[in-house]
$ cat structure-v7.txt   # compact mmCIF, C-alpha atoms and all ligand atoms
# COMPACT_ATOMS: atom_id res chain seq x y z
CA MET G 15 0.00 0.00 0.00
CA THR G 16 1.39 3.44 -0.89
CA ASN G 17 1.90 5.96 1.95
CA GLN G 18 -0.81 8.20 0.52
CA LYS G 19 -3.31 5.36 0.42
CA HIS G 20 -2.32 4.30 3.92
CA ASP G 21 -2.99 7.85 5.20
CA LEU G 22 -6.41 7.89 3.53
CA PHE G 23 -7.36 4.54 5.09
CA ALA G 24 -6.20 5.80 8.51
CA GLU G 25 -8.03 9.14 8.17
CA ILE G 26 -11.25 7.44 7.08
CA ALA G 27 -11.03 5.07 10.07
CA ARG G 28 -10.45 8.04 12.42
CA LEU G 29 -13.40 10.03 11.00
CA LYS G 30 -15.66 6.99 11.15
CA LYS G 31 -14.99 6.58 14.86
CA GLU G 32 -15.19 10.28 15.66
CA LYS G 33 -18.51 10.73 13.84
CA ASN G 34 -20.12 7.37 14.67
CA ALA G 35 -20.33 6.48 10.98
CA ILE G 36 -20.69 3.17 9.19
CA ILE G 37 -19.57 2.44 5.62
CA LEU G 38 -21.79 0.15 3.53
CA ALA G 39 -20.40 -0.92 0.16
CA HIS G 40 -21.79 -2.86 -2.77
CA TYR G 41 -19.72 -5.63 -4.39
CA TYR G 42 -19.29 -3.50 -7.52
CA GLN G 43 -17.22 -0.89 -5.69
CA GLU G 44 -13.50 -0.64 -6.38
CA PRO G 45 -11.44 -3.05 -4.22
CA ASP G 46 -10.09 -0.37 -1.85
CA ILE G 47 -13.60 0.73 -0.93
CA GLN G 48 -14.70 -2.87 -0.39
CA ASP G 49 -11.69 -3.37 1.87
CA LEU G 50 -12.51 -0.48 4.18
CA ALA G 51 -16.28 -1.09 4.38
CA ASP G 52 -17.98 -2.21 7.58
CA GLU G 53 -20.37 -4.26 5.51
CA ILE G 54 -20.24 -5.43 1.89
CA GLY G 55 -23.26 -7.02 0.27
CA ASP G 56 -25.91 -7.24 -2.41
CA SER G 57 -28.83 -4.80 -2.51
CA LEU G 58 -30.95 -6.75 -0.04
CA ALA G 59 -28.18 -7.28 2.52
CA LEU G 60 -27.21 -3.61 2.36
CA ALA G 61 -30.82 -2.45 2.72
CA ARG G 62 -31.16 -4.66 5.80
CA ALA G 63 -27.88 -3.35 7.23
CA ALA G 64 -29.02 0.25 6.68
CA GLN G 65 -32.37 -0.44 8.33
CA LYS G 66 -30.88 -1.89 11.50
CA THR G 67 -27.84 0.32 12.14
CA GLN G 68 -27.82 2.79 15.04
CA ALA G 69 -24.92 4.76 13.49
CA LYS G 70 -25.40 8.51 13.17
CA ILE G 71 -24.02 8.48 9.64
CA ILE G 72 -24.37 5.89 6.88
CA LEU G 73 -21.82 6.46 4.14
CA PHE G 74 -23.29 4.45 1.27
CA CYS G 75 -20.78 3.38 -1.35
CA GLY G 76 -23.00 2.21 -4.15
CA VAL G 77 -25.40 3.96 -6.50
CA HIS G 78 -28.13 6.51 -5.85
CA PHE G 79 -31.14 4.18 -5.57
CA MET G 80 -29.28 2.17 -2.91
CA ALA G 81 -28.42 5.22 -0.77
CA GLU G 82 -31.95 6.54 -1.26
CA GLY G 83 -33.29 3.16 -0.08
CA ALA G 84 -31.13 3.44 3.05
CA LYS G 85 -32.64 6.87 3.80
CA ILE G 86 -36.18 5.55 3.26
CA LEU G 87 -35.57 2.68 5.67
CA ASN G 88 -33.57 4.66 8.23
CA PRO G 89 -34.55 8.33 8.42
CA GLN G 90 -32.76 8.76 11.78
CA SER G 91 -29.33 8.37 10.19
CA LYS G 92 -27.73 10.96 7.97
CA VAL G 93 -27.13 9.16 4.65
CA LEU G 94 -24.16 10.27 2.56
CA MET G 95 -22.81 9.02 -0.74
CA PRO G 96 -19.44 9.85 -2.32
CA ASP G 97 -20.87 11.12 -5.60
CA LEU G 98 -24.51 12.01 -6.19
CA ARG G 99 -24.02 11.48 -9.93
CA ALA G 100 -23.63 7.73 -9.32
CA GLY G 101 -26.98 6.79 -10.84
CA CYS G 102 -28.10 3.58 -12.55
CA SER G 103 -29.05 3.01 -16.19
CA LEU G 104 -31.78 0.61 -15.17
CA SER G 105 -33.33 3.08 -12.75
CA ASP G 106 -33.07 5.82 -15.40
CA SER G 107 -34.89 3.62 -17.91
CA CYS G 108 -38.09 4.07 -15.88
CA PRO G 109 -39.09 7.77 -15.66
CA PRO G 110 -41.83 8.33 -13.02
CA GLU G 111 -44.31 10.19 -15.25
CA GLN G 112 -44.17 7.60 -18.05
CA PHE G 113 -44.49 4.85 -15.49
CA ARG G 114 -47.55 6.51 -13.95
CA ALA G 115 -49.22 6.63 -17.37
CA TYR G 116 -48.38 2.94 -17.99
CA ARG G 117 -49.74 1.95 -14.59
CA ASN G 118 -52.92 3.88 -15.26
CA GLN G 119 -53.44 1.79 -18.38
CA HIS G 120 -53.29 -1.36 -16.19
CA PRO G 121 -55.12 -0.39 -12.99
CA ASP G 122 -55.90 -4.01 -12.01
CA HIS G 123 -52.21 -5.03 -11.97
CA PHE G 124 -50.20 -5.63 -8.82
CA VAL G 125 -46.96 -3.66 -9.23
CA VAL G 126 -43.71 -5.44 -8.33
CA SER G 127 -40.69 -3.17 -8.78
CA TYR G 128 -37.07 -4.20 -8.71
CA ILE G 129 -35.17 -2.20 -6.09
CA ASN G 130 -33.09 -0.64 -8.92
CA CYS G 131 -35.54 2.24 -9.31
CA SER G 132 -36.07 5.72 -7.90
CA ALA G 133 -38.07 6.55 -4.76
CA GLU G 134 -40.81 7.94 -7.06
CA ILE G 135 -41.17 4.53 -8.73
CA LYS G 136 -41.07 2.73 -5.38
CA ALA G 137 -43.86 5.02 -4.18
CA GLN G 138 -45.98 3.84 -7.15
CA SER G 139 -45.36 0.14 -6.41
CA ASP G 140 -47.16 -2.46 -4.30
CA VAL G 141 -44.01 -4.34 -3.36
CA ILE G 142 -40.27 -4.14 -4.07
CA CYS G 143 -37.93 -7.03 -4.81
CA THR G 144 -34.20 -7.52 -5.31
CA SER G 145 -32.45 -10.07 -7.47
CA SER G 146 -32.08 -12.34 -4.43
CA ASN G 147 -35.77 -12.45 -3.49
CA ALA G 148 -37.62 -11.67 -6.77
CA VAL G 149 -38.88 -15.25 -7.21
CA GLN G 150 -40.05 -15.44 -3.59
CA ILE G 151 -41.81 -12.05 -3.83
CA VAL G 152 -43.61 -12.81 -7.11
CA ASN G 153 -44.74 -16.15 -5.67
CA ARG G 154 -46.39 -14.25 -2.78
CA VAL G 155 -48.57 -12.07 -5.03
CA PRO G 156 -52.21 -13.26 -4.85
CA LYS G 157 -52.81 -15.69 -7.73
CA ASP G 158 -55.88 -13.81 -8.99
CA ARG G 159 -53.91 -10.59 -9.58
CA PRO G 160 -52.08 -9.91 -12.87
CA ILE G 161 -48.56 -8.53 -12.25
CA LEU G 162 -46.78 -5.53 -13.71
CA PHE G 163 -43.03 -5.96 -13.26
CA ALA G 164 -40.62 -3.01 -13.55
CA PRO G 165 -38.13 -1.87 -14.61
CA ASP G 166 -35.84 -4.78 -15.70
CA ARG G 167 -37.14 -6.85 -18.61
CA ASN G 168 -34.35 -9.44 -18.23
CA LEU G 169 -34.89 -10.09 -14.54
CA GLY G 170 -38.62 -10.13 -15.32
CA ALA G 171 -38.20 -12.79 -18.02
CA TRP G 172 -36.08 -14.93 -15.68
CA VAL G 173 -38.63 -14.63 -12.85
CA GLU G 174 -41.40 -15.62 -15.30
CA LYS G 175 -39.51 -18.83 -16.04
CA GLN G 176 -38.88 -19.60 -12.37
CA THR G 177 -42.42 -18.92 -11.16
CA GLY G 178 -44.51 -19.85 -14.19
CA ARG G 179 -46.39 -16.55 -13.74
CA LYS G 180 -46.93 -14.25 -16.68
CA LEU G 181 -45.55 -10.75 -16.08
CA LEU G 182 -46.36 -7.56 -17.91
CA LYS G 183 -42.81 -6.19 -18.19
CA TRP G 184 -41.56 -2.62 -18.33
CA GLN G 185 -38.85 -2.67 -21.03
CA GLY G 186 -35.89 -1.37 -19.01
CA ALA G 187 -32.39 -2.85 -18.92
CA CYS G 188 -28.91 -2.39 -17.46
CA ILE G 189 -26.18 -1.17 -19.84
CA VAL G 190 -23.54 -3.30 -18.08
CA HIS G 191 -25.41 -6.61 -18.10
CA GLU G 192 -26.57 -6.18 -21.68
CA THR G 193 -23.01 -5.64 -22.87
CA PHE G 194 -21.74 -9.21 -22.59
CA SER G 195 -20.95 -10.79 -25.91
CA GLN G 196 -22.51 -14.20 -26.36
CA ARG G 197 -20.06 -15.07 -29.13
CA LYS G 198 -17.01 -14.22 -27.01
CA LEU G 199 -18.52 -16.14 -24.11
CA ILE G 200 -18.93 -19.26 -26.19
CA ASP G 201 -15.29 -18.86 -27.34
CA LEU G 202 -14.25 -18.64 -23.68
CA GLN G 203 -16.26 -21.75 -22.81
CA VAL G 204 -14.49 -23.65 -25.59
CA ARG G 205 -11.10 -22.53 -24.27
CA HIS G 206 -12.04 -23.30 -20.63
CA PRO G 207 -14.30 -26.38 -20.88
CA ASP G 208 -14.06 -27.03 -17.13
CA ALA G 209 -15.11 -23.55 -16.11
CA GLU G 210 -18.68 -22.93 -15.01
CA LEU G 211 -20.50 -19.90 -16.37
CA ILE G 212 -22.33 -18.04 -13.60
CA ALA G 213 -24.50 -15.00 -14.29
CA HIS G 214 -26.59 -12.23 -12.77
CA PRO G 215 -30.29 -12.32 -13.79
CA GLU G 216 -29.98 -8.81 -15.28
CA CYS G 217 -28.20 -10.48 -18.24
CA GLU G 218 -30.16 -11.18 -21.42
CA PRO G 219 -32.11 -14.47 -21.71
CA GLU G 220 -29.80 -15.77 -24.49
CA LEU G 221 -26.83 -15.51 -22.14
CA LEU G 222 -28.72 -16.86 -19.11
CA GLN G 223 -29.57 -19.91 -21.16
CA LEU G 224 -25.85 -20.77 -21.23
CA ALA G 225 -25.31 -20.29 -17.48
CA HIS G 226 -24.83 -23.08 -14.93
CA PHE G 227 -25.95 -20.87 -12.09
CA ILE G 228 -27.93 -17.61 -11.95
CA GLY G 229 -28.24 -15.38 -8.91
CA SER G 230 -27.70 -12.07 -7.14
CA THR G 231 -24.16 -10.91 -6.42
CA SER G 232 -24.27 -12.53 -2.95
CA ALA G 233 -25.69 -15.74 -4.41
CA LEU G 234 -22.91 -15.88 -7.03
CA LEU G 235 -20.31 -15.39 -4.32
CA GLY G 236 -21.90 -18.13 -2.22
CA TYR G 237 -22.10 -20.47 -5.20
CA VAL G 238 -18.38 -20.37 -6.06
CA GLY G 239 -17.67 -21.56 -2.51
CA LYS G 240 -20.11 -24.46 -2.75
CA SER G 241 -19.28 -25.63 -6.27
CA ALA G 242 -16.70 -28.39 -6.71
CA LYS G 243 -15.41 -26.60 -9.82
CA ALA G 244 -12.13 -24.69 -9.72
CA ALA G 245 -12.79 -22.16 -12.49
CA PHE G 246 -15.67 -19.78 -13.23
CA ILE G 247 -16.63 -17.38 -15.98
CA VAL G 248 -18.46 -14.58 -14.19
CA ALA G 249 -21.13 -12.62 -16.08
CA THR G 250 -21.75 -9.59 -13.92
CA GLU G 251 -19.91 -6.40 -13.00
CA GLU G 252 -16.21 -7.10 -12.50
CA GLY G 253 -16.06 -5.68 -8.96
CA ILE G 254 -17.47 -8.92 -7.51
CA LEU G 255 -14.29 -10.75 -8.57
CA HIS G 256 -12.39 -8.98 -5.77
CA GLN G 257 -14.38 -10.85 -3.07
CA MET G 258 -14.35 -14.10 -5.07
CA ARG G 259 -10.55 -14.00 -5.32
CA LYS G 260 -10.17 -12.97 -1.67
CA ASN G 261 -12.47 -15.72 -0.38
CA HIS G 262 -11.20 -18.41 -2.75
CA PRO G 263 -7.58 -17.76 -3.70
CA GLU G 264 -7.31 -21.41 -4.84
CA LYS G 265 -9.97 -20.90 -7.54
CA PHE G 266 -9.75 -19.16 -10.90
CA PHE G 267 -12.17 -16.43 -12.02
CA ILE G 268 -12.57 -15.04 -15.52
CA PRO G 269 -14.68 -11.91 -16.09
CA ALA G 270 -17.18 -12.38 -18.92
CA PRO G 271 -16.06 -10.35 -21.95
CA PRO G 272 -18.02 -7.34 -23.17
CA ASN G 273 -18.94 -6.84 -26.81
CA HIS G 274 -16.20 -4.33 -27.53
CA ALA G 275 -12.58 -3.98 -26.48
CA CYS G 276 -13.62 -1.72 -23.60
CA ALA G 277 -14.16 -1.89 -19.84
CA CYS G 278 -17.95 -1.99 -20.35
CA ASN G 279 -18.26 -4.77 -17.77
CA GLU G 280 -17.47 -2.13 -15.15
CA CYS G 281 -20.49 -0.11 -14.06
CA PRO G 282 -19.59 3.51 -14.90
CA PHE G 283 -21.88 4.78 -12.13
CA MET G 284 -20.50 2.55 -9.38
CA ARG G 285 -16.99 3.52 -10.43
CA LEU G 286 -17.63 7.24 -9.82
CA ASN G 287 -16.99 6.53 -6.13
CA THR G 288 -13.31 6.71 -5.19
CA LEU G 289 -11.30 6.42 -1.98
CA GLU G 290 -10.59 10.17 -2.07
CA LYS G 291 -14.31 10.97 -2.37
CA VAL G 292 -15.10 8.60 0.51
CA TYR G 293 -12.69 10.62 2.64
CA THR G 294 -13.98 14.09 1.67
CA THR G 295 -17.63 12.99 1.99
CA LEU G 296 -17.05 11.79 5.53
CA ARG G 297 -15.00 14.87 6.40
CA ASP G 298 -17.59 17.36 5.01
CA GLU G 299 -20.70 15.26 5.72
CA SER G 300 -21.76 15.99 2.17
CA PRO G 301 -23.24 15.12 -0.33
CA GLU G 302 -26.26 14.00 1.65
CA ILE G 303 -29.40 12.15 0.48
CA THR G 304 -32.56 14.06 1.29
CA MET G 305 -36.22 13.69 0.29
CA THR G 306 -39.60 14.92 1.43
CA GLU G 307 -41.21 12.97 4.28
CA ASP G 308 -44.27 12.42 2.11
CA LEU G 309 -42.24 10.68 -0.62
CA ARG G 310 -40.25 8.71 1.95
CA LEU G 311 -43.38 7.33 3.57
CA ARG G 312 -44.96 6.38 0.23
CA ALA G 313 -41.76 4.60 -0.84
CA LEU G 314 -41.39 2.92 2.56
CA ARG G 315 -44.65 0.95 2.37
CA PRO G 316 -43.63 -1.38 -0.53
CA LEU G 317 -40.10 -1.73 0.88
CA GLU G 318 -41.47 -2.85 4.24
CA ARG G 319 -43.74 -5.30 2.48
CA MET G 320 -40.67 -6.75 0.73
CA MET G 321 -38.95 -7.16 4.10
CA GLU G 322 -42.04 -8.92 5.51
CA TRP G 323 -42.39 -11.21 2.49
CA SER G 324 -38.75 -12.24 2.35
CA HIS G 325 -37.95 -13.20 5.92
P1 LIG G 401 -27.48 -7.31 -6.46
O1 LIG G 401 -28.63 -6.99 -5.58
O2 LIG G 401 -27.49 -8.70 -6.99
O3 LIG G 401 -26.19 -6.99 -5.78
O4 LIG G 401 -27.58 -6.41 -7.77
C1 LIG G 401 -27.47 -5.03 -7.77
C2 LIG G 401 -27.18 -4.48 -9.09
O5 LIG G 401 -27.22 -3.30 -9.32
C3 LIG G 401 -26.86 -5.40 -10.16
O6 LIG G 401 -26.52 -4.68 -11.29
FE1 LIG G 402 -27.44 -0.10 -12.41
FE2 LIG G 402 -26.40 -1.85 -14.08
FE3 LIG G 402 -24.79 -0.35 -12.58
FE4 LIG G 402 -26.26 -2.31 -11.45
S1 LIG G 402 -24.59 -2.55 -12.93
S2 LIG G 402 -25.99 -0.23 -10.68
S3 LIG G 402 -28.12 -2.20 -12.71
S4 LIG G 402 -26.17 0.38 -14.21
$ encode --input "structure-v7.txt" --output "structure tokens"
Amino acid sequence: MTNQKHDLFAEIARLKKEKNAIILAHYYQEPDIQDLADEIGDSLALARAAQKTQAKIILFCGVHFMAEGAKILNPQSKVLMPDLRAGCSLSDSCPPEQFRAYRNQHPDHFVVSYINCSAEIKAQSDVICTSSNAVQIVNRVPKDRPILFAPDRNLGAWVEKQTGRKLLKWQGACIVHETFSQRKLIDLQVRHPDAELIAHPECEPELLQLAHFIGSTSALLGYVGKSAKAAFIVATEEGILHQMRKNHPEKFFIPAPPNHACACNECPFMRLNTLEKVYTTLRDESPEITMTEDLRLRALRPLERMMEWSH
């Protein structure tokens, strides 16, 4: 570790203690941020951690909808994030006004929204799900109710297959998970016949069809520990490989290749957060996530229902 990096780690640790702050980080954060976090997890685990913490400050190292979710679930804590511009293409693919109009065309539908959406979309939903509980949540919806699923069409299609329930799907998608090249993946599988392909359900159905295991980031991490295989091709954001390599140094992990010769398998929003910004955010207690109490309460209802339904 360079001296400068060492100083930043030490300063962040000092500020955390002084201010009674906790750092929550998603698996797609850069390795340094994962290493200094108090808790690392998928969307559901981080939402639960935010809900239960007594810390005065939650510094959320992830994207905007995640930090916003933390504020909805825990209004007592001040919620900070290193860069407010860290959005999410999937969340952006579902603008609240258009969604309201769509919902109004289907007033009898029960609305299940993936947590990757804004507070305004949550407030228009009956229940929220994450990639780790989507199947469980959809299975809980009364059988006589048709379901509108938003905003991810790929997760929606996967859940349809798992549950056998027809979903009316909002046509949103994630730019990172739709970037993987099926052709390059098949080439990789030919070169590494013993490697298992594991994938996040935000990937397109054609890719998921090739996968040995499909699950949330936490589920993928858990799977590589349980599998007898020694090598894995991992079709999700590359940040997760840091924990996989740390937890299983004896195993071999290959990031799934994007369509172009670029780093498109890195989420450009997640990567806006840096160690330096973590430090200045904690020092200045800014930028902070705020919202009206009315919006928070409307968005809280479906989130609490998710927590109840996925015990
Ligand atoms: P997980 O809940 O599986 O961590 O997914 C979050 C996400 O944004 C995937 O792109
Ligand atoms: Fe959003 Fe995709 Fe980034 Fe996840 S990887 S935060 S879905 S843009």
$ residues_near_ligand --input "structure-v7.txt" --ligand "ligand LIG 402 (chain G)" --cutoff "6 Å" --atoms "all atoms listed in the file" --output "compact mmCIF listing (two decimals) with C-alpha atoms, in the coordinates of the input"
# COMPACT_ATOMS: atom_id res chain seq x y z
CA VAL G 77 -25.40 3.96 -6.50
CA CYS G 102 -28.10 3.58 -12.55
CA SER G 103 -29.05 3.01 -16.19
CA LEU G 104 -31.78 0.61 -15.17
CA CYS G 188 -28.91 -2.39 -17.46
CA ILE G 189 -26.18 -1.17 -19.84
CA VAL G 190 -23.54 -3.30 -18.08
CA CYS G 281 -20.49 -0.11 -14.06
CA PHE G 283 -21.88 4.78 -12.13
$ closest_residue --input "structure-v7.txt" --among "G:Lys85, G:His206, G:Lys260, G:His123" --to "G:Met305" --atoms "all atoms listed in the file"
G:Lys85
$ residues_near_ligand --input "structure-v7.txt" --ligand "ligand LIG 401 (chain G)" --cutoff "9 Å" --atoms "all atoms listed in the file" --output "PyMOL selection string"
chain G and resi 40-42+55-60+76-77+80+102+104+129-130+144-146+188+190-191+214-216+229-234+250-251+281+284
$ residues_near_point --input "structure-v7.txt" --point "(-11.6, -22.1, -6.9)" --cutoff "7 Å" --atoms "all atoms listed in the file" --output "list in words"
Lys243, Ala244, Ala245, His262, Pro263, Glu264, Lys265 and Phe266 of chain G
$ residues_near_point --input "structure-v7.txt" --point "(-36.5, -18.9, 3.9)" --cutoff "10 Å" --atoms "only C-alpha atoms" --output "number ranges by chain"
G: 147, 150, 323-325
$ residues_around --input "structure-v7.txt" --residues "G:Ser105" --least-positions-apart "5" --cutoff "8 Å" --atoms "only C-alpha atoms" --output "PDB file with C-alpha atoms, in the coordinates of the input"
ATOM      1  CA  PHE G  79     -31.140   4.180  -5.570  1.00  0.00           C
ATOM      2  CA  ASN G 130     -33.090  -0.640  -8.920  1.00  0.00           C
ATOM      3  CA  CYS G 131     -35.540   2.240  -9.310  1.00  0.00           C
ATOM      4  CA  SER G 132     -36.070   5.720  -7.900  1.00  0.00           C
ATOM      5  CA  PRO G 165     -38.130  -1.870 -14.610  1.00  0.00           C
TER       6      PRO G 165
END
$ atom_distance --input "structure-v7.txt" --atom1 "atom CA of G:Lys180" --atom2 "atom CA of G:Val152"
10.2 Å
$ residues_around --input "structure-v7.txt" --residues "G:Tyr293" --least-positions-apart "5" --cutoff "9 Å" --atoms "all atoms listed in the file" --output "list in words"
Leu22, Phe23, Glu25, Ile26, Leu29, Pro96, Thr288 and Asp298 of chain G
$ axis_aligned_box --input "structure-v7.txt" --around "stretch 34-51 of chain G" --padding-each-side "8 Å" --output "AutoDock Vina command-line options"
--center_x -15.9 --center_y 0.9 --center_z 3.6 --size_x 27.7 --size_y 29.0 --size_z 38.2
$ atom_distance --input "structure-v7.txt" --atom1 "atom CA of G:Leu289" --atom2 "atom CA of G:Lys30"
13.8 Å
$ residues_around --input "structure-v7.txt" --residues "G:Gln203" --least-positions-apart "6" --cutoff "10 Å" --atoms "all atoms listed in the file" --output "ChimeraX atom specification"
/G:197,209-211,224,246-247
$ write_last_selection --input "structure-v7.txt" --atoms "C-alpha atoms" --output "compact mmCIF listing (two decimals), keeping the file's coordinate frame"
# COMPACT_ATOMS: atom_id res chain seq x y z
CA ARG G 197 -20.06 -15.07 -29.13
CA ALA G 209 -15.11 -23.55 -16.11
CA GLU G 210 -18.68 -22.93 -15.01
CA LEU G 211 -20.50 -19.90 -16.37
CA LEU G 224 -25.85 -20.77 -21.23
CA PHE G 246 -15.67 -19.78 -13.23
CA ILE G 247 -16.63 -17.38 -15.98
$ atom_distance --input "structure-v7.txt" --atom1 "atom CA of G:Ala24" --atom2 "atom CA of G:Ser91"
23.3 Å
$ residues_around --input "structure-v7.txt" --residues "G:Asp52" --least-positions-apart "6" --cutoff "9 Å" --atoms "all atoms listed in the file" --output "PyMOL selection string"
chain G and resi 36-39
$ closest_residue --input "structure-v7.txt" --among "G:Leu296, G:Ala187, G:Val149, G:Cys108" --to "G:Ile135" --atoms "all atoms listed in the file"
G:Cys108
$ residues_around --input "structure-v7.txt" --residues "G:Arg297" --least-positions-apart "2" --cutoff "12 Å" --atoms "all atoms listed in the file" --output "list in words"
Leu22, Glu25, Ile26, Ala27, Arg28, Leu29, Lys30, Lys31, Glu32, Lys33, Ala35, Ile71, Leu73, Leu94, Pro96, Glu290, Lys291, Val292, Tyr293, Thr294, Thr295, Glu299, Ser300 and Pro301 of chain G
$ closest_residue --input "structure-v7.txt" --among "G:Met321, G:Val238, G:Ile72, G:Ile303" --to "G:Leu255" --atoms "all atoms listed in the file"
G:Val238
$ closest_residue --input "structure-v7.txt" --among "G:Ser107, G:Asn88, G:Val155, G:Asp21" --to "G:Trp184" --atoms "all atoms listed in the file"
G:Ser107
$ closest_residue --input "structure-v7.txt" --among "G:Gln48, G:Asn273, G:Gln90, G:Asn34" --to "G:Gln65" --atoms "only C-alpha atoms"
G:Gln90
